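Visitor: Handing you this structure, nothing more for now.
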Amino acid sequence: MGYLIVAVEGVFLEKFLNMASSRGITLWDIQPMGQGKMKIKVRIQGFKQLRHVARKQDCKMRIKGKKGMPFLLLRLEQRKMFFLGAVGFTVILYMLSSFVWFIDITGNENTKSQQILLVAEQAGLKLGVAKKELNPETVEKAIGNMPQIAWVGVKIKGTKVVIEVAEKVMPDVAADETIPAHLIATKDGLIQELITLAGVPAIKPGDTVRKGQILISGYIYPTENQLNDPAGLEGEQTYVGEPQKTRAKGIVRARVWYEETVRVQLEEKGYN
């Protein structure tokens, strides 16, 4: 409702307070300020009546401060352009924060950023797009379909989108495809997925393998069933004859782990 901070000077301040109280004028936070002086707080509506009391008791009043919503609105009305500018700036800032203005790509060494940005743009991610219209999962799926990308993650951080990619370790294209070879493990791991393109699988999903172990064999042995039943659907298979040698090919995905040993002191001193 608004109130005033008023300094009162006079000889009969007690009578001043008693007359104000008898007329129903609410005063609070009354503070003496020396001989014949005090500071009070009064509502705007009661200040008009308080002036009549001051004249009768021969007291002087001076307004020291104005508090409350009415005075705040008055100041804002006097500074309309400043207020409207502040509101407009806040609205514009909020609107700008609802769009994507920066795109960062990390983890790509062999793949050009422009290629990734082109695929991302086709999936709906581009500078100036509204964040509510952006579906990170759609962008991840589109970029993940690139043959050289193994994994991708899209994160929205304010007005910036961060694209994290992990590139596939591509096979040596210069290798002689006519030379028979096994596909072996380069690390210890737990097999998650196995797709055989050429050769005979030596392991299956769920197996634990060691570094150097054969995953897909390049030796294809004929069996007795295959001689009479090429599909190998009847009876047990018995390997006979010399194997056919080929270059094993396939896709093997595994969960790998790493161990590290660190030497530390038996006793350590610390200070807080």
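Residue numbers start at 1 in each chain; chains themselves are named A, B, ... in the order of the structure tokens; ligands are numbered from 1 in the order shown.
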Within 10 Å of range 242-266 of chain A, which residues of range 119-206 of chain A show up? Give each one with its shortest atom-to-atom distance in Å (one decimal) and the two atoms involved, counting only C-alpha atoms, rows by chain then rising residue number, as CSV.
Guide:
residue,atom,partner,partner_atom,distance
A:Asp176,CA,A:Arg247,CA,9.4
A:Glu177,CA,A:Arg247,CA,6.8
A:Thr178,CA,A:Arg247,CA,7.2
A:Ile179,CA,A:Arg247,CA,6.4
A:Pro180,CA,A:Arg247,CA,4.2
A:Ala181,CA,A:Arg247,CA,4.6
A:His182,CA,A:Ala248,CA,5.3
A:Leu183,CA,A:Ala248,CA,5.6
A:Ile184,CA,A:Ala248,CA,9.4
A:Ala185,CA,A:Val252,CA,9.0
A:Lys187,CA,A:Val256,CA,7.3
A:Asp188,CA,A:Val256,CA,6.3
A:Gly189,CA,A:Val256,CA,4.4
A:Leu190,CA,A:Arg255,CA,5.0
A:Ile191,CA,A:Ala254,CA,4.2
A:Gln192,CA,A:Ala254,CA,4.9
A:Glu193,CA,A:Arg253,CA,5.0
A:Leu194,CA,A:Val252,CA,4.7
A:Ile195,CA,A:Ile251,CA,5.0
A:Thr196,CA,A:Gly250,CA,4.4
A:Leu197,CA,A:Gly250,CA,4.7
A:Ala198,CA,A:Lys249,CA,4.8
A:Gly199,CA,A:Ala248,CA,4.7
A:Val200,CA,A:Ala248,CA,7.6
A:Pro201,CA,A:Gly250,CA,9.0
A:Ile203,CA,A:Val252,CA,9.9
A:Lys204,CA,A:Val252,CA,9.7
A:Pro205,CA,A:Ala254,CA,8.6
A:Gly206,CA,A:Ala254,CA,9.1
Visitor: Range 34-44 of chain A: which residues within 8 Å, counting only C-alpha atoms, same-chain residues fewer than 3 positions away excluded, as a VMD selection string?
Guide: chain A and resid 1 to 13 25 to 31 47 to 48
Visitor: Could you write those residues out with C-alpha atoms, as a compact mmCIF listing (two decimals), in the first residue's frame?
Guide:
# COMPACT_ATOMS: atom_id res chain seq x y z
CA MET A 1 0.00 0.00 0.00
CA GLY A 2 3.01 2.30 0.47
CA TYR A 3 4.24 4.22 3.50
CA LEU A 4 6.34 7.25 4.39
CA ILE A 5 9.31 7.68 6.70
CA VAL A 6 8.75 11.00 8.48
CA ALA A 7 10.99 13.06 10.80
CA VAL A 8 8.96 15.01 13.43
CA GLU A 9 10.26 17.97 15.49
CA GLY A 10 8.38 19.62 18.36
CA VAL A 11 8.13 20.28 22.08
CA PHE A 12 5.13 18.08 22.86
CA LEU A 13 5.86 14.89 20.91
CA ILE A 25 -3.77 7.03 12.60
CA THR A 26 -1.44 4.01 12.65
CA LEU A 27 2.19 4.81 13.43
CA TRP A 28 5.00 2.29 13.86
CA ASP A 29 8.75 1.96 14.17
CA ILE A 30 8.88 5.10 16.32
CA GLN A 31 12.54 6.04 17.01
CA PHE A 47 -0.22 11.17 6.42
CA LYS A 48 -2.88 13.70 5.37
Visitor: Could you please determine the separation between CA of Lys126 in chain A and CA of Ile149 in chain A in Å, to one decimal place?
Guide: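 Separation of CA of Lys126 in chain A and CA of Ile149 in chain A: 19.8 Å.
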Visitor: Looking only at the backbone, which of the residues in range 21-241 of chain A does DSSP tag as strand (DSSP E or B), as a PyMOL selection string?
Guide: chain A and resi 27-32+37-43+60-67+99+102-106+130+149-157+160-167+181+183-184+189-198+200-201+208-209+214-217+219-220+223+239
Visitor: Using only C-alpha atoms, determine which residues lie at most 10 Å from Leu127 in chain A, disregarding the query and same-chain residues fewer than 3 positions distant; provide the list as an mmCIF file with N, CA and C atoms, in the first residue's frame.
Guide:
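Written output follows (around.cif):
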data_model
loop_
_atom_site.group_PDB
_atom_site.id
_atom_site.type_symbol
_atom_site.label_atom_id
_atom_site.label_comp_id
_atom_site.auth_asym_id
_atom_site.auth_seq_id
_atom_site.Cartn_x
_atom_site.Cartn_y
_atom_site.Cartn_z
ATOM 1 N N PHE A 99 17.096 -20.603 -29.467
ATOM 2 C CA PHE A 99 17.584 -21.053 -30.759
ATOM 3 C C PHE A 99 19.025 -21.552 -30.635
ATOM 4 N N VAL A 100 19.455 -22.286 -31.644
ATOM 5 C CA VAL A 100 20.822 -22.805 -31.695
ATOM 6 C C VAL A 100 21.677 -21.827 -32.491
ATOM 7 N N TRP A 101 22.744 -21.327 -31.865
ATOM 8 C CA TRP A 101 23.616 -20.350 -32.527
ATOM 9 C C TRP A 101 25.042 -20.851 -32.702
ATOM 10 N N PHE A 102 25.379 -21.962 -32.045
ATOM 11 C CA PHE A 102 26.736 -22.509 -32.158
ATOM 12 C C PHE A 102 26.660 -24.025 -32.278
ATOM 13 N N ILE A 103 27.509 -24.602 -33.123
ATOM 14 C CA ILE A 103 27.601 -26.056 -33.280
ATOM 15 C C ILE A 103 29.075 -26.444 -33.214
ATOM 16 N N GLU A 121 22.454 -31.119 -40.873
ATOM 17 C CA GLU A 121 21.487 -30.149 -41.401
ATOM 18 C C GLU A 121 20.308 -30.860 -42.057
ATOM 19 N N GLY A 124 17.874 -31.792 -39.528
ATOM 20 C CA GLY A 124 17.173 -30.711 -38.827
ATOM 21 C C GLY A 124 18.037 -29.842 -37.944
ATOM 22 N N ALA A 130 15.116 -23.534 -33.958
ATOM 23 C CA ALA A 130 14.557 -23.505 -32.604
ATOM 24 C C ALA A 130 14.859 -24.819 -31.888
ATOM 25 N N THR A 159 22.684 -22.287 -25.932
ATOM 26 C CA THR A 159 22.491 -22.000 -27.356
ATOM 27 C C THR A 159 23.506 -22.749 -28.216
ATOM 28 N N LYS A 160 24.245 -23.671 -27.618
ATOM 29 C CA LYS A 160 25.259 -24.425 -28.349
ATOM 30 C C LYS A 160 24.908 -25.902 -28.373
ATOM 31 N N VAL A 161 25.158 -26.541 -29.521
ATOM 32 C CA VAL A 161 24.979 -27.991 -29.669
ATOM 33 C C VAL A 161 26.355 -28.611 -29.877
#
Visitor: List every residue of range 81-267 of chain A that DSSP, applied to the backbone, labels as helix (DSSP H, G or I), and write the result as a PyMOL selection string.
Guide: chain A and resi 81-96+113-122+131-133+136-144+224-228
Visitor: So how far away is CA of Thr111 in chain A from CA of Glu164 in chain A, in Å?
Guide: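 CA of Thr111 in chain A lies at a distance of 12.3 Å from CA of Glu164 in chain A.
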Visitor: In Å to one decimal, how far is CA of Gln45 in chain A from CA of Phe83 in chain A?
Guide: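 Rounded to one decimal, the two atoms are 27.6 Å apart.
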